file run20.pdb (PDB, C-alpha atoms)
ATOM      1  CA  MET A  11     -21.259  22.579  -9.455  1.00  0.00           C
ATOM      2  CA  ARG A  12     -18.386  22.016  -7.073  1.00  0.00           C
ATOM      3  CA  TYR A  13     -20.623  22.296  -4.014  1.00  0.00           C
ATOM      4  CA  LYS A  14     -23.089  19.829  -5.493  1.00  0.00           C
ATOM      5  CA  TYR A  15     -20.261  17.338  -6.028  1.00  0.00           C
ATOM      6  CA  MET A  16     -18.975  17.905  -2.491  1.00  0.00           C
ATOM      7  CA  ASN A  17     -22.467  17.323  -1.081  1.00  0.00           C
ATOM      8  CA  GLN A  18     -22.482  13.918  -2.743  1.00  0.00           C
ATOM      9  CA  ILE A  19     -19.350  12.725  -0.932  1.00  0.00           C
ATOM     10  CA  LYS A  20     -18.977  12.330   2.817  1.00  0.00           C
ATOM     11  CA  ILE A  21     -15.531  11.484   4.215  1.00  0.00           C
ATOM     12  CA  ASP A  22     -14.926  10.588   7.859  1.00  0.00           C
ATOM     13  CA  LYS A  23     -11.261  10.622   8.870  1.00  0.00           C
ATOM     14  CA  ILE A  24     -10.172   7.883  11.289  1.00  0.00           C
ATOM     15  CA  LEU A  25      -7.409   8.686  13.754  1.00  0.00           C
ATOM     16  CA  GLY A  26      -5.008   5.775  14.138  1.00  0.00           C
ATOM     17  CA  SER A  27      -2.270   5.205  16.670  1.00  0.00           C
ATOM     18  CA  ARG A  28      -1.091   8.807  16.720  1.00  0.00           C
ATOM     19  CA  ARG A  29      -3.181   9.794  19.708  1.00  0.00           C
ATOM     20  CA  PHE A  30      -1.921  11.704  22.749  1.00  0.00           C
ATOM     21  CA  SER A  31      -2.663   8.752  25.037  1.00  0.00           C
ATOM     22  CA  ASN A  32      -0.423   6.442  22.970  1.00  0.00           C
ATOM     23  CA  TYR A  33       2.460   8.947  23.026  1.00  0.00           C
ATOM     24  CA  PHE A  34       2.007   9.369  26.787  1.00  0.00           C
ATOM     25  CA  TRP A  35       1.928   5.661  27.607  1.00  0.00           C
ATOM     26  CA  ALA A  36       4.756   4.774  25.219  1.00  0.00           C
ATOM     27  CA  ALA A  37       6.993   7.387  26.899  1.00  0.00           C
ATOM     28  CA  ILE A  38       6.018   6.381  30.461  1.00  0.00           C
ATOM     29  CA  ILE A  39       6.526   2.663  29.771  1.00  0.00           C
ATOM     30  CA  LEU A  40       9.884   3.354  28.105  1.00  0.00           C
ATOM     31  CA  ILE A  41      11.142   5.419  31.065  1.00  0.00           C
ATOM     32  CA  GLY A  42       9.861   2.857  33.582  1.00  0.00           C
ATOM     33  CA  GLY A  43      11.243  -0.076  31.602  1.00  0.00           C
ATOM     34  CA  PHE A  44      14.710   1.472  31.280  1.00  0.00           C
ATOM     35  CA  SER A  45      14.667   2.338  35.000  1.00  0.00           C
ATOM     36  CA  PHE A  46      13.809  -1.221  36.030  1.00  0.00           C
ATOM     37  CA  PHE A  47      16.341  -2.662  33.577  1.00  0.00           C
ATOM     38  CA  PHE A  48      19.070  -0.299  34.806  1.00  0.00           C
ATOM     39  CA  ILE A  49      18.492  -1.164  38.481  1.00  0.00           C
ATOM     40  CA  GLY A  50      18.452  -4.903  37.664  1.00  0.00           C
ATOM     41  CA  ILE A  51      21.702  -4.730  35.690  1.00  0.00           C
ATOM     42  CA  LYS A  52      23.234  -2.504  38.399  1.00  0.00           C
ATOM     43  CA  SER A  53      22.422  -5.110  41.046  1.00  0.00           C
ATOM     44  CA  TYR A  54      24.110  -7.779  38.895  1.00  0.00           C
ATOM     45  CA  LEU A  55      27.252  -5.717  38.274  1.00  0.00           C
ATOM     46  CA  GLU A  56      27.594  -4.891  41.976  1.00  0.00           C
ATOM     47  CA  LEU A  57      28.146  -8.594  42.598  1.00  0.00           C
ATOM     48  CA  TYR A  58      31.483  -8.200  40.837  1.00  0.00           C
ATOM     49  CA  PHE A  59      32.323  -4.494  41.117  1.00  0.00           C
ATOM     50  CA  ASN A  60      31.586  -2.873  44.477  1.00  0.00           C
ATOM     51  CA  ASN A  61      31.047   0.896  44.543  1.00  0.00           C
ATOM     52  CA  LEU A  62      30.891   1.037  40.728  1.00  0.00           C
ATOM     53  CA  PHE A  63      27.902   3.386  40.717  1.00  0.00           C
ATOM     54  CA  VAL A  64      27.291   6.652  42.518  1.00  0.00           C
ATOM     55  CA  VAL A  65      23.781   5.551  43.552  1.00  0.00           C
ATOM     56  CA  ASN A  66      24.056   3.135  46.461  1.00  0.00           C
ATOM     57  CA  ASN A  67      21.442   0.347  46.430  1.00  0.00           C
ATOM     58  CA  LYS A  68      22.868  -2.333  48.693  1.00  0.00           C
ATOM     59  CA  ASN A  69      19.323  -3.491  49.599  1.00  0.00           C
ATOM     60  CA  ILE A  70      18.607  -4.890  46.128  1.00  0.00           C
ATOM     61  CA  LEU A  71      20.289  -8.232  45.559  1.00  0.00           C
ATOM     62  CA  PHE A  72      20.511  -9.668  42.062  1.00  0.00           C
ATOM     63  CA  LEU A  73      18.679 -12.836  43.068  1.00  0.00           C
ATOM     64  CA  PRO A  74      15.680 -12.573  43.219  1.00  0.00           C
ATOM     65  CA  GLN A  75      14.907  -8.809  43.053  1.00  0.00           C
ATOM     66  CA  GLY A  76      17.483  -7.761  40.443  1.00  0.00           C
ATOM     67  CA  ALA A  77      16.647 -10.631  38.089  1.00  0.00           C
ATOM     68  CA  ALA A  78      12.935  -9.836  38.330  1.00  0.00           C
ATOM     69  CA  MET A  79      13.571  -6.125  37.740  1.00  0.00           C
ATOM     70  CA  THR A  80      15.728  -6.923  34.699  1.00  0.00           C
ATOM     71  CA  PHE A  81      12.963  -9.141  33.283  1.00  0.00           C
ATOM     72  CA  TYR A  82      10.235  -6.556  33.910  1.00  0.00           C
ATOM     73  CA  GLY A  83      12.477  -3.808  32.540  1.00  0.00           C
ATOM     74  CA  MET A  84      13.064  -5.695  29.287  1.00  0.00           C
ATOM     75  CA  THR A  85       9.344  -6.433  29.023  1.00  0.00           C
ATOM     76  CA  GLY A  86       8.558  -2.740  29.493  1.00  0.00           C
ATOM     77  CA  VAL A  87      11.153  -1.627  26.943  1.00  0.00           C
ATOM     78  CA  LEU A  88       9.903  -4.129  24.344  1.00  0.00           C
ATOM     79  CA  THR A  89       6.276  -3.120  24.962  1.00  0.00           C
ATOM     80  CA  SER A  90       7.235   0.529  24.560  1.00  0.00           C
ATOM     81  CA  PHE A  91       9.088  -0.209  21.314  1.00  0.00           C
ATOM     82  CA  PHE A  92       5.952  -1.922  19.998  1.00  0.00           C
ATOM     83  CA  LEU A  93       3.845   1.128  20.903  1.00  0.00           C
ATOM     84  CA  TRP A  94       6.336   3.461  19.209  1.00  0.00           C
ATOM     85  CA  TYR A  95       6.318   1.178  16.154  1.00  0.00           C
ATOM     86  CA  THR A  96       2.526   1.464  15.859  1.00  0.00           C
ATOM     87  CA  ILE A  97       2.761   5.247  16.315  1.00  0.00           C
ATOM     88  CA  VAL A  98       5.431   5.659  13.631  1.00  0.00           C
ATOM     89  CA  PHE A  99       3.442   3.621  11.084  1.00  0.00           C
ATOM     90  CA  ASN A 100       0.111   5.136  12.250  1.00  0.00           C
ATOM     91  CA  VAL A 101      -1.584   1.754  12.419  1.00  0.00           C
ATOM     92  CA  GLY A 102      -5.375   1.938  12.289  1.00  0.00           C
ATOM     93  CA  SER A 103      -5.623   5.307  10.563  1.00  0.00           C
ATOM     94  CA  GLY A 104      -7.683   5.810   7.455  1.00  0.00           C
ATOM     95  CA  TYR A 105     -11.048   7.061   6.323  1.00  0.00           C
ATOM     96  CA  ASN A 106     -14.623   6.080   5.509  1.00  0.00           C
ATOM     97  CA  GLU A 107     -15.851   7.526   2.225  1.00  0.00           C
ATOM     98  CA  PHE A 108     -19.522   7.530   1.338  1.00  0.00           C
ATOM     99  CA  ASN A 109     -19.924   8.527  -2.313  1.00  0.00           C
ATOM    100  CA  ASN A 110     -23.484   9.015  -3.538  1.00  0.00           C
ATOM    101  CA  LYS A 111     -22.228  10.062  -6.967  1.00  0.00           C
ATOM    102  CA  THR A 112     -20.603   6.689  -7.743  1.00  0.00           C
ATOM    103  CA  GLY A 113     -22.746   4.667  -5.317  1.00  0.00           C
ATOM    104  CA  ILE A 114     -19.663   3.250  -3.573  1.00  0.00           C
ATOM    105  CA  ILE A 115     -18.709   3.108   0.107  1.00  0.00           C
ATOM    106  CA  THR A 116     -14.948   2.844   0.691  1.00  0.00           C
ATOM    107  CA  ILE A 117     -13.424   1.809   4.015  1.00  0.00           C
ATOM    108  CA  PHE A 118      -9.660   2.414   4.060  1.00  0.00           C
ATOM    109  CA  ARG A 119      -7.277   1.535   6.922  1.00  0.00           C
ATOM    110  CA  LEU A 120      -3.515   1.283   7.363  1.00  0.00           C
ATOM    111  CA  GLY A 121      -2.059  -1.779   9.096  1.00  0.00           C
ATOM    112  CA  PHE A 122       1.419  -2.983   9.940  1.00  0.00           C
ATOM    113  CA  PRO A 123       4.057  -2.877   7.172  1.00  0.00           C
ATOM    114  CA  GLY A 124       4.041  -5.843   4.847  1.00  0.00           C
ATOM    115  CA  LYS A 125       1.935  -7.311   2.074  1.00  0.00           C
ATOM    116  CA  SER A 126      -1.374  -6.498   3.739  1.00  0.00           C
ATOM    117  CA  ARG A 127      -0.533  -3.011   5.062  1.00  0.00           C
ATOM    118  CA  ILE A 128      -3.427  -1.407   3.213  1.00  0.00           C
ATOM    119  CA  LEU A 129      -6.966  -2.567   3.877  1.00  0.00           C
ATOM    120  CA  LYS A 130      -9.418  -1.163   1.362  1.00  0.00           C
ATOM    121  CA  LEU A 131     -12.974  -2.427   1.318  1.00  0.00           C
ATOM    122  CA  GLN A 132     -15.553  -1.197  -1.167  1.00  0.00           C
ATOM    123  CA  TYR A 133     -19.292  -1.822  -1.102  1.00  0.00           C
ATOM    124  CA  LYS A 134     -22.113  -0.622  -3.289  1.00  0.00           C
ATOM    125  CA  ILE A 135     -24.647   1.494  -1.456  1.00  0.00           C
ATOM    126  CA  ALA A 136     -27.350  -0.750  -2.933  1.00  0.00           C
ATOM    127  CA  GLU A 137     -25.848  -3.692  -0.966  1.00  0.00           C
ATOM    128  CA  ILE A 138     -26.248  -1.887   2.374  1.00  0.00           C
ATOM    129  CA  TYR A 139     -29.374  -2.700   4.353  1.00  0.00           C
ATOM    130  CA  SER A 140     -28.912  -0.353   7.317  1.00  0.00           C
ATOM    131  CA  ILE A 141     -26.605   1.436   9.729  1.00  0.00           C
ATOM    132  CA  LYS A 142     -26.508  -0.384  13.063  1.00  0.00           C
ATOM    133  CA  ILE A 143     -25.469   1.006  16.447  1.00  0.00           C
ATOM    134  CA  ASN A 144     -24.148  -1.307  19.164  1.00  0.00           C
ATOM    135  CA  ILE A 145     -23.924   0.246  22.630  1.00  0.00           C
ATOM    136  CA  GLN A 146     -22.779  -1.796  25.635  1.00  0.00           C
ATOM    137  CA  ASP A 147     -21.996  -0.214  28.980  1.00  0.00           C
ATOM    138  CA  GLY A 148     -19.992  -1.773  31.764  1.00  0.00           C
ATOM    139  CA  LEU A 149     -16.333  -2.309  32.582  1.00  0.00           C
ATOM    140  CA  SER A 150     -15.340  -2.251  28.907  1.00  0.00           C
ATOM    141  CA  PRO A 151     -17.932  -0.052  27.181  1.00  0.00           C
ATOM    142  CA  LYS A 152     -18.538  -0.451  23.453  1.00  0.00           C
ATOM    143  CA  ARG A 153     -20.080   2.193  21.262  1.00  0.00           C
ATOM    144  CA  GLU A 154     -19.803   1.073  17.687  1.00  0.00           C
ATOM    145  CA  ILE A 155     -21.370   1.879  14.336  1.00  0.00           C
ATOM    146  CA  TYR A 156     -21.697  -0.858  11.711  1.00  0.00           C
ATOM    147  CA  LEU A 157     -22.665  -1.031   8.073  1.00  0.00           C
ATOM    148  CA  LYS A 158     -25.132  -3.905   7.850  1.00  0.00           C
ATOM    149  CA  THR A 159     -25.302  -5.505   4.414  1.00  0.00           C
ATOM    150  CA  LYS A 160     -28.300  -7.266   2.927  1.00  0.00           C
ATOM    151  CA  ASP A 161     -26.562 -10.615   3.425  1.00  0.00           C
ATOM    152  CA  LYS A 162     -26.322  -9.868   7.212  1.00  0.00           C
ATOM    153  CA  ARG A 163     -22.602  -8.971   7.367  1.00  0.00           C
ATOM    154  CA  GLU A 164     -21.659  -6.191   9.785  1.00  0.00           C
ATOM    155  CA  ILE A 165     -18.677  -3.997   8.878  1.00  0.00           C
ATOM    156  CA  PRO A 166     -17.381  -1.709  11.670  1.00  0.00           C
ATOM    157  CA  LEU A 167     -17.046   1.988  10.870  1.00  0.00           C
ATOM    158  CA  THR A 168     -15.943   3.479  14.185  1.00  0.00           C
ATOM    159  CA  LYS A 169     -12.402   4.088  15.270  1.00  0.00           C
ATOM    160  CA  VAL A 170     -10.654   2.110  17.968  1.00  0.00           C
ATOM    161  CA  GLY A 171      -9.809   3.979  21.129  1.00  0.00           C
ATOM    162  CA  GLU A 172     -11.626   6.025  23.682  1.00  0.00           C
ATOM    163  CA  PRO A 173     -15.372   5.519  23.398  1.00  0.00           C
ATOM    164  CA  LEU A 174     -17.447   8.478  22.277  1.00  0.00           C
ATOM    165  CA  SER A 175     -20.501   9.623  24.170  1.00  0.00           C
ATOM    166  CA  ILE A 176     -23.776   7.912  23.316  1.00  0.00           C
ATOM    167  CA  GLN A 177     -25.113  11.153  21.820  1.00  0.00           C
ATOM    168  CA  GLU A 178     -22.070  11.525  19.536  1.00  0.00           C
ATOM    169  CA  VAL A 179     -22.327   7.922  18.319  1.00  0.00           C
ATOM    170  CA  GLU A 180     -26.045   8.284  17.663  1.00  0.00           C
ATOM    171  CA  GLN A 181     -25.524  11.593  15.831  1.00  0.00           C
ATOM    172  CA  GLN A 182     -22.761  10.136  13.631  1.00  0.00           C
ATOM    173  CA  ALA A 183     -24.926   7.119  12.795  1.00  0.00           C
ATOM    174  CA  LYS A 184     -27.926   9.345  12.008  1.00  0.00           C
ATOM    175  CA  ASP A 185     -25.786  11.536   9.741  1.00  0.00           C
ATOM    176  CA  ILE A 186     -24.488   8.514   7.819  1.00  0.00           C
ATOM    177  CA  ALA A 187     -27.950   6.932   7.504  1.00  0.00           C
ATOM    178  CA  LEU A 188     -29.468  10.224   6.351  1.00  0.00           C
ATOM    179  CA  PHE A 189     -26.653  10.802   3.864  1.00  0.00           C
ATOM    180  CA  LEU A 190     -27.005   7.287   2.384  1.00  0.00           C
ATOM    181  CA  LYS A 191     -30.828   7.368   2.657  1.00  0.00           C
ATOM    182  CA  ILE A 192     -31.020   4.015   4.487  1.00  0.00           C
ATOM    183  CA  GLN A 193     -32.567   2.948   7.758  1.00  0.00           C
ATOM    184  CA  LEU A 194     -30.940   3.144  11.197  1.00  0.00           C
ATOM    185  CA  GLU A 195     -30.989   0.265  13.731  1.00  0.00           C
ATOM    186  CA  GLY A 196     -30.290   0.361  17.449  1.00  0.00           C
ATOM    187  CA  VAL A 197     -31.507   3.880  18.282  1.00  0.00           C
ATOM    188  CA  LYS A 198     -34.311   4.178  20.780  1.00  0.00           C
TER     189      LYS A 198
END
call {"tool": "encode", "arguments": {"input": "run20.pdb", "output": "structure tokens"}}
result
Amino acid sequence: MRYKYMNQIKIDKILGSRRFSNYFWAAIILIGGFSFFFIGIKSYLELYFNNLFVVNNKNILFLPQGAAMTFYGMTGVLTSFFLWYTIVFNVGSGYNEFNNKTGIITIFRLGFPGKSRILKLQYKIAEIYSIKINIQDGLSPKREIYLKTKDKREIPLTKVGEPLSIQEVEQQAKDIALFLKIQLEGVK
């Protein structure tokens, strides 16, 4: 009985901001931002206190290089803090649940803290017309899977981040369409 119940529910976990690439870039931007900010502030302080620091950078004047480095350093630090903020709150994570037993599809995502942190959409399987695949190659490739409702709305199911291979996207879409017993659009 348990296996029959489990075969009636399909859950796809969605990885949010806690990806290796986000950790990597948040750390690199933080180190770079602090470095730029430190050099910019150092160039300002050397206007008033000569030989204050062990590192000797007489070639960097506060105006214009030091001021620019301070600005870019602060921008880098703030950008890094934003990335760490999204990592800590795991923005974008969630799941897609396809439940043939209750006839409900649930799309659940976490957002930024506040009133609308939790996004939970529910649709009846009877309202779904098809599963649609959108594949665009080029400079910014898109490989997305959508739930297409009978009233022509398209609800994205795929995670944000690195695009999957075309075969993986097609296989995921085929699995969902087969599980829900609906048609598949966009596959050649």
call {"tool": "residues_around", "arguments": {"input": "run20.pdb", "residues": "stretch 37-47 of chain A", "least_positions_apart": "6", "cutoff": "9 Å", "atoms": "all atoms listed in the file", "output": "ChimeraX atom specification"}}
result
/A:76,78-91,94
call {"tool": "residues_around", "arguments": {"input": "run20.pdb", "residues": "A:Thr112", "least_positions_apart": "3", "cutoff": "10 Å", "atoms": "only C-alpha atoms", "output": "ChimeraX atom specification"}}
result
/A:18-19,108-109,115,134-135
call {"tool": "write_last_selection", "arguments": {"input": "run20.pdb", "atoms": "C-alpha atoms", "output": "short mmCIF file (atom, residue, chain, number, x, y, z; two decimals), in the coordinates of the input"}}
result
data_model
loop_
_atom_site.label_atom_id
_atom_site.label_comp_id
_atom_site.auth_asym_id
_atom_site.auth_seq_id
_atom_site.Cartn_x
_atom_site.Cartn_y
_atom_site.Cartn_z
CA GLN A 18 -22.48 13.92 -2.74
CA ILE A 19 -19.35 12.72 -0.93
CA PHE A 108 -19.52 7.53 1.34
CA ASN A 109 -19.92 8.53 -2.31
CA ILE A 115 -18.71 3.11 0.11
CA LYS A 134 -22.11 -0.62 -3.29
CA ILE A 135 -24.65 1.49 -1.46
#
call {"tool": "closest_residue", "arguments": {"input": "run20.pdb", "among": "A:Leu190, A:Leu93, A:Leu25, A:Leu149", "to": "A:Phe118", "atoms": "only C-alpha atoms"}}
result
A:Leu25
call {"tool": "residues_around", "arguments": {"input": "run20.pdb", "residues": "stretch 174-181 of chain A", "least_positions_apart": "6", "cutoff": "8 Å", "atoms": "all atoms listed in the file", "output": "ChimeraX atom specification"}}
result
/A:143,145,153-155,197
call {"tool": "atom_distance", "arguments": {"input": "run20.pdb", "atom1": "atom CA of A:Thr159", "atom2": "atom CA of A:Glu107"}}
result
16.2 Å
call {"tool": "residues_around", "arguments": {"input": "run20.pdb", "residues": "A:Arg28", "least_positions_apart": "3", "cutoff": "12 Å", "atoms": "all atoms listed in the file", "output": "PyMOL selection string"}}
result
chain A and resi 24-25+31-36+93-104+170-171
call {"tool": "write_last_selection", "arguments": {"input": "run20.pdb", "atoms": "C-alpha atoms", "output": "PDB file, keeping the file's coordinate frame"}}
result
ATOM      1  CA  ILE A  24     -10.172   7.883  11.289  1.00  0.00           C
ATOM      2  CA  LEU A  25      -7.409   8.686  13.754  1.00  0.00           C
ATOM      3  CA  SER A  31      -2.663   8.752  25.037  1.00  0.00           C
ATOM      4  CA  ASN A  32      -0.423   6.442  22.970  1.00  0.00           C
ATOM      5  CA  TYR A  33       2.460   8.947  23.026  1.00  0.00           C
ATOM      6  CA  PHE A  34       2.007   9.369  26.787  1.00  0.00           C
ATOM      7  CA  TRP A  35       1.928   5.661  27.607  1.00  0.00           C
ATOM      8  CA  ALA A  36       4.756   4.774  25.219  1.00  0.00           C
ATOM      9  CA  LEU A  93       3.845   1.128  20.903  1.00  0.00           C
ATOM     10  CA  TRP A  94       6.336   3.461  19.209  1.00  0.00           C
ATOM     11  CA  TYR A  95       6.318   1.178  16.154  1.00  0.00           C
ATOM     12  CA  THR A  96       2.526   1.464  15.859  1.00  0.00           C
ATOM     13  CA  ILE A  97       2.761   5.247  16.315  1.00  0.00           C
ATOM     14  CA  VAL A  98       5.431   5.659  13.631  1.00  0.00           C
ATOM     15  CA  PHE A  99       3.442   3.621  11.084  1.00  0.00           C
ATOM     16  CA  ASN A 100       0.111   5.136  12.250  1.00  0.00           C
ATOM     17  CA  VAL A 101      -1.584   1.754  12.419  1.00  0.00           C
ATOM     18  CA  GLY A 102      -5.375   1.938  12.289  1.00  0.00           C
ATOM     19  CA  SER A 103      -5.623   5.307  10.563  1.00  0.00           C
ATOM     20  CA  GLY A 104      -7.683   5.810   7.455  1.00  0.00           C
ATOM     21  CA  VAL A 170     -10.654   2.110  17.968  1.00  0.00           C
ATOM     22  CA  GLY A 171      -9.809   3.979  21.129  1.00  0.00           C
TER      23      GLY A 171
END
call {"tool": "atom_distance", "arguments": {"input": "run20.pdb", "atom1": "atom CA of A:Gln182", "atom2": "atom CA of A:Asp161"}}
result
23.4 Å
call {"tool": "atom_distance", "arguments": {"input": "run20.pdb", "atom1": "atom CA of A:Gly121", "atom2": "atom CA of A:Lys20"}}
result
22.9 Å
call {"tool": "closest_residue", "arguments": {"input": "run20.pdb", "among": "A:Leu73, A:Ile49, A:Leu120, A:Ile21", "to": "A:Asn106", "atoms": "only C-alpha atoms"}}
result
A:Ile21
call {"tool": "decode", "arguments": {"input": "run20.pdb", "residues": "stretch 114-123 of chain A", "atoms": "all heavy atoms", "output": "PDB file, in the first residue's frame"}}
result
ATOM      1  N   ILE A 114      -3.719  17.362  -7.299  1.00  0.00           N
ATOM      2  CA  ILE A 114      -3.215  18.714  -7.085  1.00  0.00           C
ATOM      3  C   ILE A 114      -1.728  18.778  -7.446  1.00  0.00           C
ATOM      4  O   ILE A 114      -0.956  17.884  -7.099  1.00  0.00           O
ATOM      5  CB  ILE A 114      -3.394  19.158  -5.609  1.00  0.00           C
ATOM      6  CG1 ILE A 114      -4.857  19.135  -5.204  1.00  0.00           C
ATOM      7  CG2 ILE A 114      -2.769  20.510  -5.340  1.00  0.00           C
ATOM      8  CD1 ILE A 114      -5.688  20.238  -5.795  1.00  0.00           C
ATOM      9  N   ILE A 115      -1.348  19.860  -8.108  1.00  0.00           N
ATOM     10  CA  ILE A 115       0.057  20.179  -8.358  1.00  0.00           C
ATOM     11  C   ILE A 115       0.403  21.357  -7.453  1.00  0.00           C
ATOM     12  O   ILE A 115      -0.275  22.382  -7.475  1.00  0.00           O
ATOM     13  CB  ILE A 115       0.303  20.558  -9.825  1.00  0.00           C
ATOM     14  CG1 ILE A 115      -0.016  19.376 -10.734  1.00  0.00           C
ATOM     15  CG2 ILE A 115       1.733  21.038 -10.023  1.00  0.00           C
ATOM     16  CD1 ILE A 115       0.007  19.723 -12.201  1.00  0.00           C
ATOM     17  N   THR A 116       1.466  21.206  -6.658  1.00  0.00           N
ATOM     18  CA  THR A 116       1.904  22.261  -5.748  1.00  0.00           C
ATOM     19  C   THR A 116       3.286  22.730  -6.164  1.00  0.00           C
ATOM     20  O   THR A 116       4.202  21.918  -6.316  1.00  0.00           O
ATOM     21  CB  THR A 116       1.955  21.752  -4.288  1.00  0.00           C
ATOM     22  OG1 THR A 116       0.675  21.243  -3.934  1.00  0.00           O
ATOM     23  CG2 THR A 116       2.349  22.862  -3.334  1.00  0.00           C
ATOM     24  N   ILE A 117       3.430  24.044  -6.329  1.00  0.00           N
ATOM     25  CA  ILE A 117       4.721  24.662  -6.612  1.00  0.00           C
ATOM     26  C   ILE A 117       5.050  25.532  -5.405  1.00  0.00           C
ATOM     27  O   ILE A 117       4.337  26.481  -5.103  1.00  0.00           O
ATOM     28  CB  ILE A 117       4.668  25.495  -7.905  1.00  0.00           C
ATOM     29  CG1 ILE A 117       4.301  24.594  -9.077  1.00  0.00           C
ATOM     30  CG2 ILE A 117       5.988  26.205  -8.141  1.00  0.00           C
ATOM     31  CD1 ILE A 117       3.970  25.329 -10.339  1.00  0.00           C
ATOM     32  N   PHE A 118       6.146  25.192  -4.712  1.00  0.00           N
ATOM     33  CA  PHE A 118       6.522  25.869  -3.475  1.00  0.00           C
ATOM     34  C   PHE A 118       7.924  26.452  -3.626  1.00  0.00           C
ATOM     35  O   PHE A 118       8.844  25.758  -4.038  1.00  0.00           O
ATOM     36  CB  PHE A 118       6.509  24.862  -2.314  1.00  0.00           C
ATOM     37  CG  PHE A 118       6.902  25.455  -0.995  1.00  0.00           C
ATOM     38  CD1 PHE A 118       5.966  26.064  -0.192  1.00  0.00           C
ATOM     39  CD2 PHE A 118       8.218  25.391  -0.556  1.00  0.00           C
ATOM     40  CE1 PHE A 118       6.329  26.613   1.027  1.00  0.00           C
ATOM     41  CE2 PHE A 118       8.591  25.931   0.650  1.00  0.00           C
ATOM     42  CZ  PHE A 118       7.642  26.548   1.451  1.00  0.00           C
ATOM     43  N   ARG A 119       8.074  27.748  -3.311  1.00  0.00           N
ATOM     44  CA  ARG A 119       9.378  28.413  -3.363  1.00  0.00           C
ATOM     45  C   ARG A 119       9.537  29.334  -2.159  1.00  0.00           C
ATOM     46  O   ARG A 119       8.569  29.904  -1.657  1.00  0.00           O
ATOM     47  CB  ARG A 119       9.533  29.267  -4.624  1.00  0.00           C
ATOM     48  CG  ARG A 119       9.427  28.535  -5.938  1.00  0.00           C
ATOM     49  CD  ARG A 119      10.647  27.659  -6.198  1.00  0.00           C
ATOM     50  NE  ARG A 119      10.589  27.075  -7.518  1.00  0.00           N
ATOM     51  CZ  ARG A 119       9.898  25.993  -7.839  1.00  0.00           C
ATOM     52  NH1 ARG A 119       9.189  25.366  -6.942  1.00  0.00           N
ATOM     53  NH2 ARG A 119       9.906  25.534  -9.068  1.00  0.00           N
ATOM     54  N   LEU A 120      10.782  29.499  -1.718  1.00  0.00           N
ATOM     55  CA  LEU A 120      11.116  30.450  -0.673  1.00  0.00           C
ATOM     56  C   LEU A 120      11.660  31.724  -1.306  1.00  0.00           C
ATOM     57  O   LEU A 120      12.470  31.656  -2.226  1.00  0.00           O
ATOM     58  CB  LEU A 120      12.175  29.877   0.285  1.00  0.00           C
ATOM     59  CG  LEU A 120      11.729  28.739   1.175  1.00  0.00           C
ATOM     60  CD1 LEU A 120      12.912  28.200   1.985  1.00  0.00           C
ATOM     61  CD2 LEU A 120      10.629  29.191   2.110  1.00  0.00           C
ATOM     62  N   GLY A 121      11.239  32.873  -0.789  1.00  0.00           N
ATOM     63  CA  GLY A 121      11.728  34.160  -1.270  1.00  0.00           C
ATOM     64  C   GLY A 121      12.498  34.872  -0.173  1.00  0.00           C
ATOM     65  O   GLY A 121      12.987  34.260   0.772  1.00  0.00           O
ATOM     66  N   PHE A 122      12.589  36.180  -0.288  1.00  0.00           N
ATOM     67  CA  PHE A 122      13.255  36.981   0.721  1.00  0.00           C
ATOM     68  C   PHE A 122      12.351  37.105   1.953  1.00  0.00           C
ATOM     69  O   PHE A 122      11.140  37.047   1.839  1.00  0.00           O
ATOM     70  CB  PHE A 122      13.579  38.371   0.166  1.00  0.00           C
ATOM     71  CG  PHE A 122      14.675  38.351  -0.849  1.00  0.00           C
ATOM     72  CD1 PHE A 122      14.391  38.418  -2.197  1.00  0.00           C
ATOM     73  CD2 PHE A 122      15.998  38.257  -0.449  1.00  0.00           C
ATOM     74  CE1 PHE A 122      15.402  38.391  -3.140  1.00  0.00           C
ATOM     75  CE2 PHE A 122      17.006  38.227  -1.377  1.00  0.00           C
ATOM     76  CZ  PHE A 122      16.718  38.291  -2.729  1.00  0.00           C
ATOM     77  N   PRO A 123      12.941  37.275   3.140  1.00  0.00           N
ATOM     78  CA  PRO A 123      12.126  37.408   4.351  1.00  0.00           C
ATOM     79  C   PRO A 123      11.139  38.563   4.254  1.00  0.00           C
ATOM     80  O   PRO A 123      11.426  39.598   3.667  1.00  0.00           O
ATOM     81  CB  PRO A 123      13.160  37.667   5.448  1.00  0.00           C
ATOM     82  CG  PRO A 123      14.416  37.086   4.922  1.00  0.00           C
ATOM     83  CD  PRO A 123      14.368  37.280   3.436  1.00  0.00           C
TER      84      PRO A 123
END
